[in-house]
Every structure is written in C-alpha cells, then in structure tokens.
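Visitor: See target.txt below, with compact mmCIF, C-alpha atoms and all ligand atoms.
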# COMPACT_ATOMS: atom_id res chain seq x y z
CA MET A 1 21.89 34.38 -69.55
CA ASP A 2 24.56 35.28 -67.08
CA ASP A 3 26.50 33.24 -64.64
CA LEU A 4 24.34 31.70 -61.88
CA THR A 5 27.12 31.55 -59.27
CA PRO A 6 26.22 34.77 -57.36
CA LEU A 7 22.53 33.78 -57.39
CA ARG A 8 23.37 30.36 -56.03
CA GLN A 9 25.53 31.80 -53.26
CA GLN A 10 22.91 34.35 -52.32
CA TRP A 11 20.20 31.68 -51.86
CA LEU A 12 22.46 29.26 -50.02
CA ASP A 13 23.32 32.09 -47.59
CA ARG A 14 19.65 32.84 -47.03
CA ILE A 15 18.92 29.16 -46.42
CA ASN A 16 21.71 28.85 -43.88
CA GLY A 17 20.65 32.12 -42.25
CA ALA A 18 17.11 30.83 -41.55
CA THR A 19 16.81 29.90 -37.87
CA ASP A 20 13.36 28.32 -37.62
CA PRO A 21 10.97 26.27 -39.78
CA ALA A 22 8.84 29.34 -40.63
CA ALA A 23 11.86 31.24 -41.97
CA ILE A 24 12.84 28.21 -44.07
CA GLU A 25 9.38 28.10 -45.60
CA GLU A 26 9.64 31.80 -46.42
CA VAL A 27 12.95 31.26 -48.22
CA ARG A 28 11.56 28.26 -50.09
CA LEU A 29 8.62 30.27 -51.41
CA ALA A 30 10.85 33.19 -52.38
CA ALA A 31 13.16 30.90 -54.37
CA LEU A 32 11.15 27.94 -55.60
CA GLY A 33 7.51 28.99 -55.10
CA LYS A 34 5.29 29.77 -58.10
CA LYS A 35 6.48 33.37 -58.11
CA GLY A 36 9.89 32.59 -56.65
CA GLU A 37 13.01 33.97 -58.27
CA ILE A 38 14.21 30.64 -59.69
CA SER A 39 10.78 29.73 -61.01
CA LEU A 40 10.49 33.10 -62.77
CA LYS A 41 13.91 32.61 -64.30
CA MET A 42 12.84 29.25 -65.63
CA ARG A 43 9.90 30.86 -67.29
CA GLU A 44 12.24 33.21 -69.16
CA LEU A 45 13.74 30.17 -70.91
CA GLY A 46 10.91 30.34 -73.44
CA ARG A 47 12.28 33.55 -74.84
CA MET A 48 15.79 32.19 -75.41
CA THR A 49 17.45 30.56 -78.40
CA PRO A 50 17.49 26.77 -78.38
CA GLU A 51 21.23 26.70 -77.54
CA GLU A 52 20.84 29.09 -74.61
CA ARG A 53 17.81 27.16 -73.43
CA GLN A 54 19.84 23.96 -73.36
CA THR A 55 22.78 25.22 -71.29
CA ILE A 56 20.95 27.68 -69.04
CA GLY A 57 17.98 25.35 -68.65
CA ARG A 58 20.21 22.59 -67.37
CA ALA A 59 22.07 24.97 -65.02
CA LEU A 60 18.77 26.31 -63.65
CA ASN A 61 17.41 22.78 -63.13
CA GLU A 62 20.55 21.86 -61.23
CA LEU A 63 20.35 25.02 -59.15
CA ARG A 64 16.67 24.34 -58.34
CA ASP A 65 17.47 20.78 -57.23
CA GLU A 66 20.44 21.94 -55.17
CA LEU A 67 18.45 24.63 -53.39
CA ASP A 68 15.59 22.22 -52.78
CA ALA A 69 17.97 19.71 -51.17
CA ALA A 70 19.62 22.48 -49.10
CA LEU A 71 16.20 23.65 -47.88
CA ARG A 72 15.22 20.15 -46.79
CA ALA A 73 18.52 19.54 -45.05
CA ARG A 74 18.34 22.88 -43.21
CA LYS A 75 14.76 22.16 -42.12
CA LEU A 76 15.71 18.74 -40.74
CA SER A 77 18.67 20.09 -38.82
CA LEU A 78 16.53 22.88 -37.32
CA GLU A 79 13.92 20.32 -36.23
CA ASP A 80 16.63 18.15 -34.69
CA ALA A 81 18.04 21.13 -32.80
CA ALA A 82 14.55 22.06 -31.55
CA LEU A 83 14.02 18.50 -30.26
CA GLU A 84 17.43 18.48 -28.57
CA ALA A 85 16.63 21.78 -26.86
CA ARG A 86 13.26 20.48 -25.70
CA LEU A 87 14.73 17.24 -24.35
CA ALA A 88 17.40 19.18 -22.47
CA GLY A 89 14.83 21.60 -21.06
CA GLU A 90 12.40 18.92 -19.95
CA TRP A 91 15.02 16.65 -18.41
CA LEU A 92 13.95 15.30 -15.07
CA ASP A 93 16.31 13.70 -12.59
CA VAL A 94 14.35 10.78 -11.21
CA THR A 95 17.23 9.84 -8.95
CA LEU A 96 16.77 12.93 -6.77
CA PRO A 97 16.41 11.86 -3.12
CA GLY A 98 13.05 12.33 -1.37
CA ARG A 99 12.34 15.50 0.50
CA PRO A 100 14.15 15.44 3.82
CA ARG A 101 11.13 16.36 5.93
CA PRO A 102 8.04 14.44 4.82
CA GLN A 103 4.81 15.85 6.20
CA GLY A 104 3.07 12.59 7.04
CA THR A 105 3.97 9.79 9.43
CA ILE A 106 2.84 6.20 9.76
CA HIS A 107 0.24 5.83 12.52
CA PRO A 108 1.41 3.59 15.39
CA ILE A 109 -1.53 1.22 14.77
CA SER A 110 -0.45 0.74 11.14
CA GLN A 111 3.15 0.34 12.25
CA VAL A 112 2.31 -2.27 14.88
CA THR A 113 0.01 -4.13 12.48
CA GLU A 114 2.91 -4.32 10.02
CA GLU A 115 5.28 -5.48 12.77
CA VAL A 116 2.89 -8.22 13.93
CA THR A 117 2.33 -9.31 10.32
CA ALA A 118 6.08 -9.45 9.65
CA ILE A 119 6.75 -11.60 12.71
CA PHE A 120 3.96 -14.09 12.03
CA ALA A 121 4.75 -14.17 8.31
CA ASP A 122 8.23 -15.26 9.32
CA MET A 123 6.63 -18.19 11.19
CA GLY A 124 4.55 -19.18 8.15
CA PHE A 125 1.26 -17.42 8.93
CA ALA A 126 -0.65 -15.78 6.06
CA VAL A 127 -2.98 -12.82 6.51
CA ALA A 128 -6.74 -13.43 6.20
CA GLU A 129 -9.46 -10.81 6.13
CA GLY A 130 -13.19 -10.61 6.73
CA PRO A 131 -15.93 -7.98 6.66
CA GLN A 132 -16.43 -5.45 9.45
CA VAL A 133 -20.20 -5.67 9.04
CA GLU A 134 -20.62 -9.32 9.95
CA SER A 135 -23.54 -11.67 10.25
CA ASP A 136 -24.71 -12.68 13.66
CA TRP A 137 -23.88 -16.26 12.76
CA TYR A 138 -20.17 -15.64 12.03
CA ASN A 139 -19.70 -13.25 14.93
CA PHE A 140 -21.41 -15.46 17.54
CA ASP A 141 -23.13 -18.75 16.62
CA ALA A 142 -20.26 -20.24 14.61
CA LEU A 143 -17.96 -19.42 17.53
CA ASN A 144 -20.12 -21.44 19.89
CA ILE A 145 -21.70 -18.36 21.43
CA ALA A 146 -25.37 -19.40 21.58
CA PRO A 147 -28.11 -16.73 21.53
CA GLU A 148 -28.65 -16.93 25.27
CA HIS A 149 -24.93 -16.99 26.07
CA PRO A 150 -23.87 -14.20 28.45
CA ALA A 151 -20.91 -13.37 26.13
CA ARG A 152 -23.38 -11.77 23.73
CA GLN A 153 -24.20 -9.16 26.37
CA GLU A 154 -20.58 -8.73 27.38
CA HIS A 155 -19.66 -7.80 23.85
CA ASP A 156 -21.76 -4.57 23.88
CA THR A 157 -22.67 -5.20 20.29
CA PHE A 158 -23.62 -2.57 17.69
CA PHE A 159 -26.51 -3.98 15.66
CA MET A 160 -27.12 -2.85 12.09
CA HIS A 161 -30.44 -1.15 11.52
CA ARG A 162 -33.14 -3.26 9.88
CA ALA A 163 -36.32 -1.79 8.44
CA PRO A 164 -39.48 -2.93 10.29
CA GLY A 165 -40.66 -6.18 8.76
CA ASP A 166 -37.21 -7.07 7.42
CA ASN A 167 -36.76 -10.49 8.94
CA ARG A 168 -33.37 -11.41 7.58
CA PRO A 169 -30.94 -12.57 10.28
CA PRO A 170 -29.33 -9.64 12.06
CA HIS A 171 -25.97 -8.15 11.11
CA VAL A 172 -23.58 -6.58 13.59
CA LEU A 173 -20.38 -4.59 13.56
CA ARG A 174 -18.00 -7.43 14.37
CA THR A 175 -17.13 -7.37 18.07
CA HIS A 176 -13.89 -9.31 17.58
CA THR A 177 -11.69 -10.69 14.81
CA SER A 178 -12.62 -14.30 15.72
CA PRO A 179 -15.29 -14.58 12.95
CA VAL A 180 -12.44 -14.36 10.43
CA GLN A 181 -11.26 -17.74 11.83
CA ILE A 182 -14.48 -19.30 10.55
CA ARG A 183 -14.25 -17.61 7.15
CA ALA A 184 -10.60 -18.64 6.75
CA MET A 185 -11.38 -22.27 7.65
CA GLN A 186 -14.27 -22.32 5.16
CA ASP A 187 -12.13 -20.74 2.43
CA GLN A 188 -8.90 -22.66 2.93
CA GLY A 189 -9.66 -25.83 4.87
CA ALA A 190 -6.98 -27.60 6.92
CA PRO A 191 -4.09 -27.42 7.53
CA ILE A 192 -4.12 -23.67 7.98
CA ARG A 193 -2.01 -20.96 9.58
CA VAL A 194 -3.41 -17.42 9.45
CA ILE A 195 -3.51 -14.20 11.35
CA CYS A 196 -6.41 -11.80 10.94
CA PRO A 197 -5.71 -8.21 11.92
CA GLY A 198 -8.48 -5.64 11.73
CA ARG A 199 -10.98 -3.25 13.24
CA VAL A 200 -13.55 -4.35 15.77
CA TYR A 201 -16.40 -2.45 17.46
CA ARG A 202 -17.99 -2.37 20.89
CA MET A 203 -20.29 0.15 22.53
CA ASP A 204 -17.84 1.29 25.17
CA MET A 205 -15.94 4.51 25.82
CA ASP A 206 -13.59 5.47 28.63
CA GLN A 207 -9.86 5.90 29.16
CA THR A 208 -9.11 2.33 28.20
CA HIS A 209 -11.97 1.66 25.74
CA THR A 210 -12.96 3.18 22.41
CA PRO A 211 -15.99 2.12 20.34
CA MET A 212 -13.65 1.05 17.56
CA PHE A 213 -10.35 -0.67 18.25
CA HIS A 214 -8.05 -3.25 16.67
CA GLN A 215 -7.39 -6.92 17.24
CA VAL A 216 -5.33 -9.60 15.63
CA GLU A 217 -6.58 -13.14 15.60
CA GLY A 218 -4.29 -16.13 15.17
CA LEU A 219 -5.28 -19.60 14.01
CA ALA A 220 -3.15 -22.71 13.43
CA ILE A 221 -4.75 -26.03 12.56
CA ASP A 222 -2.99 -29.26 11.74
CA ARG A 223 -3.05 -32.96 12.68
CA ASP A 224 -1.28 -32.70 16.02
CA ILE A 225 -1.09 -29.09 17.17
CA SER A 226 -0.94 -28.70 20.93
CA MET A 227 -0.89 -26.10 23.70
CA ALA A 228 2.91 -26.44 23.72
CA GLN A 229 3.09 -25.04 20.22
CA LEU A 230 0.71 -22.25 21.17
CA LYS A 231 3.01 -21.32 24.05
CA TRP A 232 6.16 -21.43 21.91
CA THR A 233 4.54 -19.37 19.15
CA LEU A 234 3.39 -16.67 21.56
CA GLU A 235 6.76 -16.53 23.33
CA GLU A 236 8.58 -16.21 20.03
CA PHE A 237 6.16 -13.52 18.98
CA CYS A 238 6.57 -11.51 22.20
CA ARG A 239 10.35 -11.73 22.12
CA ALA A 240 10.43 -10.45 18.56
CA PHE A 241 7.72 -7.86 19.02
CA PHE A 242 8.98 -6.28 22.23
CA GLU A 243 12.56 -6.56 20.97
CA VAL A 244 13.91 -7.96 24.25
CA GLY A 245 16.17 -10.98 24.72
CA GLN A 246 13.93 -12.74 27.19
CA VAL A 247 10.21 -12.67 27.86
CA GLU A 248 8.20 -14.68 30.36
CA LEU A 249 4.57 -15.54 29.77
CA ARG A 250 2.07 -16.83 32.31
CA PHE A 251 -0.87 -18.89 31.12
CA ARG A 252 -3.93 -18.52 33.35
CA ALA A 253 -6.86 -20.91 32.95
CA SER A 254 -9.83 -18.99 31.62
CA HIS A 255 -12.98 -19.48 29.61
CA PHE A 256 -13.91 -18.60 26.06
CA PRO A 257 -16.80 -20.34 24.29
CA PHE A 258 -14.67 -20.93 21.18
CA THR A 259 -11.69 -22.63 22.85
CA GLU A 260 -11.30 -25.60 25.16
CA PRO A 261 -9.14 -25.43 27.17
CA SER A 262 -8.75 -21.65 27.25
CA ALA A 263 -6.02 -19.50 28.70
CA GLU A 264 -5.41 -15.84 29.24
CA VAL A 265 -1.80 -14.89 28.80
CA ASP A 266 0.11 -12.38 30.91
CA ILE A 267 3.59 -11.05 30.27
CA ARG A 268 6.14 -10.34 32.99
CA CYS A 269 6.94 -6.67 33.32
CA ASP A 270 8.30 -3.97 35.57
CA TRP A 271 6.63 -0.63 36.35
CA SER A 272 9.22 0.77 38.76
CA GLY A 273 10.29 4.32 38.02
CA GLY A 274 7.03 4.93 36.18
CA GLN A 275 8.42 3.28 33.09
CA LEU A 276 7.29 -0.03 31.73
CA LYS A 277 9.92 -2.68 31.06
CA ILE A 278 8.91 -5.94 29.43
CA GLY A 279 10.65 -9.17 30.42
CA GLU A 280 11.70 -8.30 33.98
CA GLY A 281 10.16 -7.24 37.30
CA ASP A 282 7.34 -8.53 39.50
CA SER A 283 4.24 -7.40 37.66
CA TRP A 284 2.09 -9.20 35.12
CA LEU A 285 0.12 -7.64 32.28
CA GLU A 286 -2.63 -9.43 30.44
CA ILE A 287 -2.04 -9.26 26.70
CA LEU A 288 -4.24 -11.85 25.02
CA GLY A 289 -6.75 -14.68 25.13
CA SER A 290 -6.09 -18.08 23.61
CA GLY A 291 -6.78 -21.78 23.65
CA MET A 292 -7.37 -24.94 21.67
CA VAL A 293 -10.07 -24.43 19.05
CA HIS A 294 -13.38 -25.93 20.22
CA PRO A 295 -14.56 -28.92 18.13
CA LYS A 296 -17.84 -27.13 17.43
CA VAL A 297 -15.93 -24.18 16.00
CA LEU A 298 -13.90 -26.46 13.74
CA ARG A 299 -17.13 -28.04 12.53
CA ALA A 300 -18.68 -24.62 11.87
CA GLY A 301 -15.62 -23.89 9.71
CA GLY A 302 -16.16 -27.13 7.79
CA ILE A 303 -13.21 -28.96 9.36
CA ASP A 304 -13.51 -32.44 10.86
CA PRO A 305 -12.52 -32.27 14.57
CA ASP A 306 -11.68 -35.99 14.57
CA GLN A 307 -8.94 -35.36 11.99
CA TRP A 308 -7.68 -31.92 12.91
CA GLN A 309 -6.99 -29.75 15.92
CA GLY A 310 -5.45 -26.38 16.48
CA PHE A 311 -4.90 -23.32 18.59
CA ALA A 312 -6.27 -19.80 18.36
CA PHE A 313 -5.54 -16.52 20.05
CA GLY A 314 -6.82 -12.96 20.02
CA MET A 315 -4.77 -9.94 20.94
CA GLY A 316 -5.48 -6.21 21.18
CA ILE A 317 -3.29 -4.34 18.70
CA ASP A 318 -3.88 -0.97 20.36
CA ARG A 319 -2.94 -2.45 23.70
CA ILE A 320 0.38 -3.95 22.60
CA ALA A 321 1.14 -0.71 20.69
CA MET A 322 0.64 1.27 23.93
CA LEU A 323 2.88 -1.14 25.84
CA LYS A 324 5.68 -1.16 23.29
CA TYR A 325 5.78 2.53 22.53
CA GLY A 326 4.81 3.92 25.93
CA ILE A 327 1.58 5.53 24.76
CA PRO A 328 -0.48 6.33 27.87
CA ASP A 329 -3.98 7.06 26.52
CA LEU A 330 -5.83 4.80 24.10
CA ARG A 331 -8.17 7.57 22.95
CA ALA A 332 -5.26 9.57 21.50
CA PHE A 333 -4.95 6.91 18.77
CA PHE A 334 -8.18 8.10 17.22
CA GLU A 335 -8.13 11.85 17.79
CA SER A 336 -6.07 12.74 14.68
CA ASP A 337 -4.08 15.33 16.65
CA LEU A 338 -1.20 16.29 14.34
CA ARG A 339 1.21 17.03 17.19
CA TRP A 340 0.54 13.58 18.65
CA LEU A 341 0.96 11.95 15.23
CA ARG A 342 4.28 13.72 14.68
CA HIS A 343 5.49 12.59 18.09
CA TYR A 344 4.35 8.96 17.97
CA GLY A 345 4.28 8.41 14.19
CA PHE A 346 6.85 6.43 12.22
CA ALA A 347 8.86 7.42 9.16
CA ALA A 348 7.18 6.43 5.93
CA GLY A 349 9.15 3.88 3.94
CA ASP A 350 10.65 2.05 6.92
CA VAL A 351 8.85 -1.20 6.29
CA PRO A 352 9.18 -3.44 9.37
CA SER A 353 10.80 -6.79 8.76
CA VAL A 354 12.16 -9.46 11.06
CA ALA A 355 15.56 -9.42 9.37
CA GLY A 356 15.84 -5.66 8.80
CA GLY A 357 14.47 -4.52 12.16
CA LEU A 358 10.93 -3.89 13.29
CA SER A 359 11.03 -0.34 14.61
CA ARG A 360 13.69 2.28 14.15
N1 LIG B 401 -12.30 -12.98 20.69
C1 LIG B 401 -11.82 -12.72 22.01
C2 LIG B 401 -12.16 -11.31 22.43
O1 LIG B 401 -12.50 -10.53 21.61
C3 LIG B 401 -10.32 -12.88 22.07
C4 LIG B 401 -9.88 -14.29 21.90
C5 LIG B 401 -9.72 -15.13 22.98
C6 LIG B 401 -9.68 -14.81 20.64
C7 LIG B 401 -9.33 -16.42 22.84
C8 LIG B 401 -9.26 -16.13 20.47
C9 LIG B 401 -9.10 -16.93 21.60
O2 LIG B 401 -9.03 -16.66 19.29
O3 LIG B 401 -8.72 -18.21 21.43
O4 LIG B 401 -12.08 -10.99 23.57
Render the structure in this file as structure tokens.

Guide:
Amino acid sequence: MDDLTPLRQQWLDRINGATDPAAIEEVRLAALGKKGEISLKMRELGRMTPEERQTIGRALNELRDELDAALRARKLSLEDAALEARLAGEWLDVTLPGRPRPQGTIHPISQVTEEVTAIFADMGFAVAEGPQVESDWYNFDALNIAPEHPARQEHDTFFMHRAPGDNRPPHVLRTHTSPVQIRAMQDQGAPIRVICPGRVYRMDMDQTHTPMFHQVEGLAIDRDISMAQLKWTLEEFCRAFFEVGQVELRFRASHFPFTEPSAEVDIRCDWSGGQLKIGEGDSWLEILGSGMVHPKVLRAGGIDPDQWQGFAFGMGIDRIAMLKYGIPDLRAFFESDLRWLRHYGFAAGDVPSVAGGLSR
C-alpha cells in the first residue's frame, strides 16, 4: 500500500479546520467511525501479503492513534474557547456604582426612629419590642392604671372585637409604648436600659392627631438611678437629636399613674420669623412625659422595688420629627403622597450614627 503521508495531512487539516464540537464529531466518524476511511483501510489489510500487513498495519495503527489524539485535543481546545467566550460575555461588574437617582426615599418617621435609636444606643440603651395588639393588663393594669382610672377614657382606646360569649380578658391596640416596659422587665430583669420605639393607636383624628402614631419609650433601672440622671439623659438626647450646641429643658410637675414623681418636659425654642429654632428664644414646647418608675409598676414587671429603682419616659416620634424637620402637618406623614415623600424623605443608605452624623 502507498505512502500514508498525504492521507495523514489531509485528516489533520480537516481536524484543525473543525470549529465546533459537532464538526469534530463529523470528522471523527468520517475517519475512525465504522465506515470511516481509516477503518476501511484497515479492513483491506486482510487481502495483503503478511509482509505488507506488518508494515502497513503498523503505520495504519499509528495513524489511527495519532488522529484519535488530535481529535481529542481539538475538541478540548474548542470547549475551552467556548467557555472563555461565555465567561467574557457573561461578565458582570459588581463594582458599578448605584444608580444616581434612586426612586425611593426613607420616610421621616423611619429616619427619626433610626436617629433616636443611634443616640440611645450610644448611651447603652438596647431596643425592646412588644406587640401592637396588647392585652388590657399590659396596656393598663400593669402600669397602675386601674379599671376605673380616668386615664383609660383619656386614651380613646380601640378594643379588639370579641365574639359574644368569649369571656377572655379584652385585648386592645396598644395606646402607648409603655406596656413594652413591663415586657422588657419581665424578659430581662434588672438592671436594664432599653428604649421601645413603635406604633401606637388612639381613636382621634384632627390636625395634630392621627389614629395611629409613633412613640418611643425609655426605661433605665438600676440600684441608685435618680431624677438627675433622667434629666442628664434627656438633655444629652435633645442636644444630639436637634443637632444644636445647647438645649434647655424645663421639668414641670405632672401626673402619670406609672411614675412617681412625674414630670412633663418642655424644650426652649424660638418661633420668631415663623421658623422654629430649638435651644433659644422665649417659648417652650412640650416634648415628652417622664418620671421615676412607680413601685407597683416595677413589681408588675417582676422587679423588687426595695432593691431597684429607675426612670422612664415616653416621647412622640412624629412630634419630634415635625419639630426637627419643620414638617407642619402630622397627617401628611401617613398620606403616602409621593411629592411629599420626595421632599421630606431621606436618601437610602445614609444610616444615622452619632459619630458619622445623624441627618445629612
Ligand atoms: N405613656 C405616656 C403617654 O402615652 C407617655 C409617658 C409618660 C411614658 C411618662 C412614660 C412616662 O414612660 O414616664 O402619654
């Protein structure tokens, strides 16, 4: 049989000319398949003399092995190239900056809640939470508001519906965040330092009242906590929150069933020129209620009033948000008006912190 060199070259060229796995397979069948050219040639060996068979047989075997190896190598390199191309095509730059004009903004209530949390966290207060549908006992009794106490009426409570004949104790939409004080005391015991921000509900609706609004409760209990520490804590808070160098607070004697003594706290401010300035001027604005936790309240929370004492306060989040950001109408908070949200909203991603700045 003749020289195999041209045959070899011809097949190697076809192998190298194949550009995808299907073409490679086609070449393999045409050369090495059952009816492939090389296979057919090997079958012809039977008709040759023993000498021819020996030399040509060996040459054909070598050619078959060489082509087989070339086919495999070409297939691998095509697969590699396909993977490279795919990786290049699907490449995604995760370092791209965010879109310059995000659609959404952070609602002022969320922003202020974060600001308040950041300031109190800096003073060692943790955040505690409780349910918005609360039992009568947590919302009133445990806070020393007896069933006949006038405060029950003042709270304009929403009662949860009970089927006739269902005699379980009533549940209410919590009218203040104070019940979370009781839950936190029961859960954590003393000493304790928590704030409890959240939604509260009262049946009331006018320019300065909405049926749902937000409060933040504060509670600090230890062996020798006093009114002086309450005053310092609130002054520090107001200075940080309103971002002014100096604030002045006025404590007015008041009454709350859950504190004794109790004080309402006003902040010095100035309304001249129609603009509110905190920390100067001749006006006073009430911003919160506070006092020393009543012994009965401590006991309801499972804490011994002979060993421990503490202060508590409750503040309207919506109210301090209006004061800080000059928002005139409370109801706008809950109307979901996009133009209002774009005007008063905050950039997403600017997480308030005491060190990094509260509002920018
Ligand atoms: N719970 C009161 C309210 O809703 C606010 C309040 C006053 C909370 C005095 C307190 C406090 O913890 O000590 O009007």

Visitor: Name all residues at most 8 Å from Ala240 of chain A (count only C-alpha atoms; drop same-chain ones fewer than 3 positions away) and give them as a list of chain:residue names.

Guide: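 Here the qualifying residues turn out to be A:Ile119, A:Glu236, A:Phe237, A:Glu243, A:Val244, A:Val354.
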
Visitor: As an exercise, work out the distance from atom CA of Glu280 of chain A to atom CA of Leu249 of chain A in Å and give it to one decimal place.

Guide: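 So the two atoms, atom CA of Glu280 of chain A and atom CA of Leu249 of chain A, lie 11.0 Å apart.
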
Visitor: Of the residues A:Cys196, A:Ala347, A:Ala70, A:Ala220, which is the one nearest to His176 of chain A, using all atoms listed in the file?

Guide: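 Distance minimum relative to His176 of chain A lands on A:Cys196.
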
Visitor: In Å, with one decimal, what is the gap from atom CA of Ala348 of chain A to atom CA of Thr105 of chain A?

Guide: 5.8 Å

Visitor: For atom C3 of ligand LIG 401 (chain B) and atom CA of Phe313 of chain A, quote the distance in Å rounded to one decimal.

Guide: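 Computed distance, atom C3 of ligand LIG 401 (chain B) to atom CA of Phe313 of chain A, equals 6.3 Å.
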
Visitor: Box time for segment 227-244 of chain A: axis-aligned, enclosing all its listed atoms, 5 Å extra on each side; report centre and edge lengths in Å to one decimal, as AutoDock Vina command-line options.

Guide:
--center_x 6.5 --center_y -16.4 --center_z 21.4 --size_x 24.8 --size_y 30.2 --size_z 15.7

Visitor: Ligand LIG 401 (chain B): which residues are within 9 Å, counting only C-alpha atoms and all ligand atoms, as an MDAnalysis selection string?

Guide: chainID A and resid 155 175:179 181 200 215:219 255:260 262:264 288:293 311:316

Visitor: For Ile106 of chain A, find every residue with an atom within 10 Å (counting only C-alpha atoms), except residues of its own chain fewer than 4 positions away, and show them as a list of chain:residue names.

Guide: A:Ser110, A:Gln111, A:Val112, A:Leu341, A:Arg342, A:Tyr344, A:Gly345, A:Phe346, A:Ala347, A:Ala348, A:Gly349, A:Asp350

Visitor: Using all atoms listed in the file, which residues sit within 12 Å of Gly36 of chain A once same-chain residues fewer than 6 positions away are excluded, as a list in words?

Guide: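 Answer for this query is Trp11, Glu25, Glu26, Val27, Arg28, Leu29, Ala30, Met42, Arg43 and Arg64 of chain A.
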